[in-house]
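First comes the structure, then the notes that go with it.
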Amino acid sequence: MKALLPSNRVSVIGAGTMGNGIAHVFAQKGFTVSLIDTQQAQLEKALKTIDKNLERQIAKGLITEEAKKTTLDNISIYTEIGSGVEKADLVVEAATENTPIKLAIFKELDQHAPEGCILATNTSSISITKIAAATRRPASVIGLHFMNPVPVMKLIEVINGYATDPNVTQKMVEVAGLLGKIPCVANDYPGFVANRILMPMINEAIYSLFEGVAGVQEIDNIMKLGMAHPMGPLQLADFIGLDVCLSILRVLHDGFGNPKYAPCPLLVNMVTAGYLGIKSGEGFYAYTPGSKDLVVSKRFAGR
């Protein structure tokens, strides 16, 4: 493997869905990965998820048993940032999409990561410039927005902060290529590109339901069958998490001050009531463990 990073050591912060996926793809491509989370149970769950996803790749003939073993051997787990990043060439933060949490993490990273280490965030909407300002090395801070599920999706949105060094950007573009991903470079404005376009579409789909224009399945089928989207916007919102969608829309609304980004009241009510999509078992659709059937929530039946 081409050594774009001095020792090919990558630390990933956060062992949730995105973090374990990011650790998976780096480890599978031969990087030495430190996966960091404050919760030991979450780390153990992440390793099981990675193991299961590797088994899926074996079943599809994409990798061998030996490749699976090598991938898992490339991952070490840590519960403290200091010990997990002390030798890193690159840190990818994939913690909760919460500004104060991310700022606190980057302040700590700035204290413990080696000089020359690139600090990346997987944020889907929070300003890279704001995150970089929490450090004394803003030129080394960049956004690496992976898509879910990380081992499958090809896109990485590479986002420059106001002070990001162009050499750091180029290095991350090349690293993305080594991961078998397709990098698309964007600049630091609210929502970047992906969510600036996607979230207003999802919000408009929710408004269409809210205003009685059409039902859940009809809205999704129109976008799937008429616009060739693999998943309708309401199903996609459930998949992303309605709380995440609401958070990103608020970032867009606050950042641009434009009422077109104001979240639909139905979305606000659903999140307030705890109907968050797949993660809570119900959103626009109802989800039964073990079932792949797409069943519209009873709350929207007959609309």
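Identifiers in the structure tokens: chain A, B, ... in order shown; residue index from 1 per chain; ligand index from 1 in order shown.
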Those of region 52-254 of chain A in DSSP strand (DSSP E or B), formatted as number ranges by chain: A: 75-78, 90-93, 118-121, 141-146, 155-160, 182-187
May I have the selected residues written with N, CA and C atoms, as a PDB file, in the first residue's frame?
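Full text of again00.pdb as output:
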ATOM      1  N   ILE A  75      -7.130  -3.654  13.983  1.00  0.00           N
ATOM      2  CA  ILE A  75      -7.912  -2.754  14.833  1.00  0.00           C
ATOM      3  C   ILE A  75      -7.612  -3.001  16.309  1.00  0.00           C
ATOM      4  N   SER A  76      -7.269  -1.925  17.019  1.00  0.00           N
ATOM      5  CA  SER A  76      -7.125  -1.964  18.472  1.00  0.00           C
ATOM      6  C   SER A  76      -8.146  -1.005  19.064  1.00  0.00           C
ATOM      7  N   ILE A  77      -8.594  -1.289  20.278  1.00  0.00           N
ATOM      8  CA  ILE A  77      -9.622  -0.447  20.895  1.00  0.00           C
ATOM      9  C   ILE A  77      -9.081   0.278  22.129  1.00  0.00           C
ATOM     10  N   TYR A  78      -9.598   1.499  22.344  1.00  0.00           N
ATOM     11  CA  TYR A  78      -9.171   2.347  23.449  1.00  0.00           C
ATOM     12  C   TYR A  78     -10.379   3.072  24.035  1.00  0.00           C
ATOM     13  N   LEU A  90      -3.445  10.378  11.282  1.00  0.00           N
ATOM     14  CA  LEU A  90      -4.751  10.932  10.924  1.00  0.00           C
ATOM     15  C   LEU A  90      -5.749  10.518  11.996  1.00  0.00           C
ATOM     16  N   VAL A  91      -6.551  11.460  12.446  1.00  0.00           N
ATOM     17  CA  VAL A  91      -7.662  11.155  13.348  1.00  0.00           C
ATOM     18  C   VAL A  91      -8.952  11.486  12.617  1.00  0.00           C
ATOM     19  N   VAL A  92      -9.900  10.559  12.647  1.00  0.00           N
ATOM     20  CA  VAL A  92     -11.222  10.818  12.076  1.00  0.00           C
ATOM     21  C   VAL A  92     -12.226  10.771  13.219  1.00  0.00           C
ATOM     22  N   GLU A  93     -12.809  11.907  13.540  1.00  0.00           N
ATOM     23  CA  GLU A  93     -13.812  11.999  14.605  1.00  0.00           C
ATOM     24  C   GLU A  93     -15.190  11.672  14.040  1.00  0.00           C
ATOM     25  N   ILE A 118      -3.155  14.977  10.990  1.00  0.00           N
ATOM     26  CA  ILE A 118      -4.335  15.604  10.391  1.00  0.00           C
ATOM     27  C   ILE A 118      -5.550  15.260  11.238  1.00  0.00           C
ATOM     28  N   LEU A 119      -6.347  16.268  11.548  1.00  0.00           N
ATOM     29  CA  LEU A 119      -7.545  16.075  12.357  1.00  0.00           C
ATOM     30  C   LEU A 119      -8.766  16.240  11.454  1.00  0.00           C
ATOM     31  N   ALA A 120      -9.511  15.164  11.275  1.00  0.00           N
ATOM     32  CA  ALA A 120     -10.679  15.188  10.385  1.00  0.00           C
ATOM     33  C   ALA A 120     -11.947  14.934  11.186  1.00  0.00           C
ATOM     34  N   THR A 121     -13.037  15.511  10.724  1.00  0.00           N
ATOM     35  CA  THR A 121     -14.340  15.272  11.338  1.00  0.00           C
ATOM     36  C   THR A 121     -15.294  14.703  10.298  1.00  0.00           C
ATOM     37  N   VAL A 141      -6.994  20.812   9.980  1.00  0.00           N
ATOM     38  CA  VAL A 141      -8.349  20.315  10.245  1.00  0.00           C
ATOM     39  C   VAL A 141      -9.155  20.319   8.954  1.00  0.00           C
ATOM     40  N   ILE A 142      -9.891  19.222   8.723  1.00  0.00           N
ATOM     41  CA  ILE A 142     -10.639  19.050   7.479  1.00  0.00           C
ATOM     42  C   ILE A 142     -11.873  18.196   7.748  1.00  0.00           C
ATOM     43  N   GLY A 143     -12.839  18.270   6.879  1.00  0.00           N
ATOM     44  CA  GLY A 143     -14.011  17.408   6.971  1.00  0.00           C
ATOM     45  C   GLY A 143     -13.872  16.201   6.059  1.00  0.00           C
ATOM     46  N   LEU A 144     -14.155  15.022   6.586  1.00  0.00           N
ATOM     47  CA  LEU A 144     -14.243  13.791   5.783  1.00  0.00           C
ATOM     48  C   LEU A 144     -15.616  13.198   6.057  1.00  0.00           C
ATOM     49  N   HIS A 145     -16.573  13.530   5.213  1.00  0.00           N
ATOM     50  CA  HIS A 145     -17.962  13.116   5.428  1.00  0.00           C
ATOM     51  C   HIS A 145     -18.216  11.805   4.671  1.00  0.00           C
ATOM     52  N   PHE A 146     -18.098  10.688   5.402  1.00  0.00           N
ATOM     53  CA  PHE A 146     -18.401   9.369   4.844  1.00  0.00           C
ATOM     54  C   PHE A 146     -19.913   9.184   4.798  1.00  0.00           C
ATOM     55  N   LEU A 155     -18.942   7.396  -1.856  1.00  0.00           N
ATOM     56  CA  LEU A 155     -18.649   8.819  -1.722  1.00  0.00           C
ATOM     57  C   LEU A 155     -17.969   9.179  -0.410  1.00  0.00           C
ATOM     58  N   ILE A 156     -16.969  10.066  -0.499  1.00  0.00           N
ATOM     59  CA  ILE A 156     -16.484  10.815   0.668  1.00  0.00           C
ATOM     60  C   ILE A 156     -16.515  12.290   0.282  1.00  0.00           C
ATOM     61  N   GLU A 157     -17.270  13.070   1.041  1.00  0.00           N
ATOM     62  CA  GLU A 157     -17.289  14.516   0.847  1.00  0.00           C
ATOM     63  C   GLU A 157     -16.113  15.086   1.640  1.00  0.00           C
ATOM     64  N   VAL A 158     -15.154  15.671   0.940  1.00  0.00           N
ATOM     65  CA  VAL A 158     -13.957  16.250   1.562  1.00  0.00           C
ATOM     66  C   VAL A 158     -14.193  17.750   1.683  1.00  0.00           C
ATOM     67  N   ILE A 159     -14.279  18.257   2.928  1.00  0.00           N
ATOM     68  CA  ILE A 159     -14.691  19.646   3.120  1.00  0.00           C
ATOM     69  C   ILE A 159     -13.557  20.488   3.698  1.00  0.00           C
ATOM     70  N   ASN A 160     -13.214  21.537   2.966  1.00  0.00           N
ATOM     71  CA  ASN A 160     -12.191  22.471   3.425  1.00  0.00           C
ATOM     72  C   ASN A 160     -12.769  23.447   4.433  1.00  0.00           C
ATOM     73  N   ILE A 182     -14.669   7.540  -3.748  1.00  0.00           N
ATOM     74  CA  ILE A 182     -14.608   8.649  -4.699  1.00  0.00           C
ATOM     75  C   ILE A 182     -14.744   9.950  -3.911  1.00  0.00           C
ATOM     76  N   PRO A 183     -13.669  10.755  -3.855  1.00  0.00           N
ATOM     77  CA  PRO A 183     -13.731  11.999  -3.092  1.00  0.00           C
ATOM     78  C   PRO A 183     -14.338  13.129  -3.916  1.00  0.00           C
ATOM     79  N   CYS A 184     -15.176  13.930  -3.274  1.00  0.00           N
ATOM     80  CA  CYS A 184     -15.719  15.140  -3.884  1.00  0.00           C
ATOM     81  C   CYS A 184     -15.423  16.288  -2.926  1.00  0.00           C
ATOM     82  N   VAL A 185     -14.673  17.278  -3.401  1.00  0.00           N
ATOM     83  CA  VAL A 185     -14.220  18.368  -2.544  1.00  0.00           C
ATOM     84  C   VAL A 185     -15.257  19.487  -2.508  1.00  0.00           C
ATOM     85  N   ALA A 186     -15.541  19.981  -1.319  1.00  0.00           N
ATOM     86  CA  ALA A 186     -16.484  21.079  -1.133  1.00  0.00           C
ATOM     87  C   ALA A 186     -15.894  22.079  -0.148  1.00  0.00           C
ATOM     88  N   ASN A 187     -16.480  23.268  -0.133  1.00  0.00           N
ATOM     89  CA  ASN A 187     -16.054  24.293   0.821  1.00  0.00           C
ATOM     90  C   ASN A 187     -17.044  24.404   1.967  1.00  0.00           C
TER      91      ASN A 187
END
At a cut-off of 10 Å, can you tabulate as a tab-separated table every residue of region 101-183 of chain A near region 251-266 of chain A together with its closest atom pair and the distance in Å to one decimal, using only C-alpha atoms and ordering rows by chain then number?
residue	atom	partner	partner_atom	distance
A:Ser125	CA	A:Val251	CA	6.8
A:Ile126	CA	A:Val251	CA	7.2
A:Ser127	CA	A:Val251	CA	9.1
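Shortest atom-to-atom contact with Val268 (chain A) among A:Phe210, A:Met227, A:Val295, A:Gly84: A:Phe210, counting only C-alpha atoms.
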Within 8 Å of region 46-55 of chain A using only C-alpha atoms, minus same-chain residues under 2 positions, as a PyMOL selection string: chain A and resi 15-17+20-21+24+42-44+57-59+63+68+72
Residue selection dump (C-alpha atoms) as a PDB file, in the first residue's frame:
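This went into again-v4.pdb:
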ATOM      1  CA  ALA A  15     -17.623   3.403  17.799  1.00  0.00           C
ATOM      2  CA  GLY A  16     -21.182   3.893  16.588  1.00  0.00           C
ATOM      3  CA  THR A  17     -22.540   3.159  13.115  1.00  0.00           C
ATOM      4  CA  ASN A  20     -17.172   1.288  13.154  1.00  0.00           C
ATOM      5  CA  GLY A  21     -17.715   1.596   9.393  1.00  0.00           C
ATOM      6  CA  HIS A  24     -13.617  -1.167   8.972  1.00  0.00           C
ATOM      7  CA  GLN A  42     -19.801   0.135  22.568  1.00  0.00           C
ATOM      8  CA  LEU A  43     -16.307  -0.831  21.421  1.00  0.00           C
ATOM      9  CA  GLU A  44     -17.068  -4.531  21.822  1.00  0.00           C
ATOM     10  CA  GLN A  57     -18.306  -9.596   2.272  1.00  0.00           C
ATOM     11  CA  ILE A  58     -16.995 -13.171   2.398  1.00  0.00           C
ATOM     12  CA  ALA A  59     -20.450 -14.532   1.529  1.00  0.00           C
ATOM     13  CA  ILE A  63     -12.886 -10.952   0.433  1.00  0.00           C
ATOM     14  CA  LYS A  68     -11.099 -10.795   7.366  1.00  0.00           C
ATOM     15  CA  LEU A  72      -9.655  -7.439  12.518  1.00  0.00           C
TER      16      LEU A  72
END
Alpha helix (DSSP H) residues, from DSSP on the backbone, in region 122-273 of chain A, as a count of residues only: 74
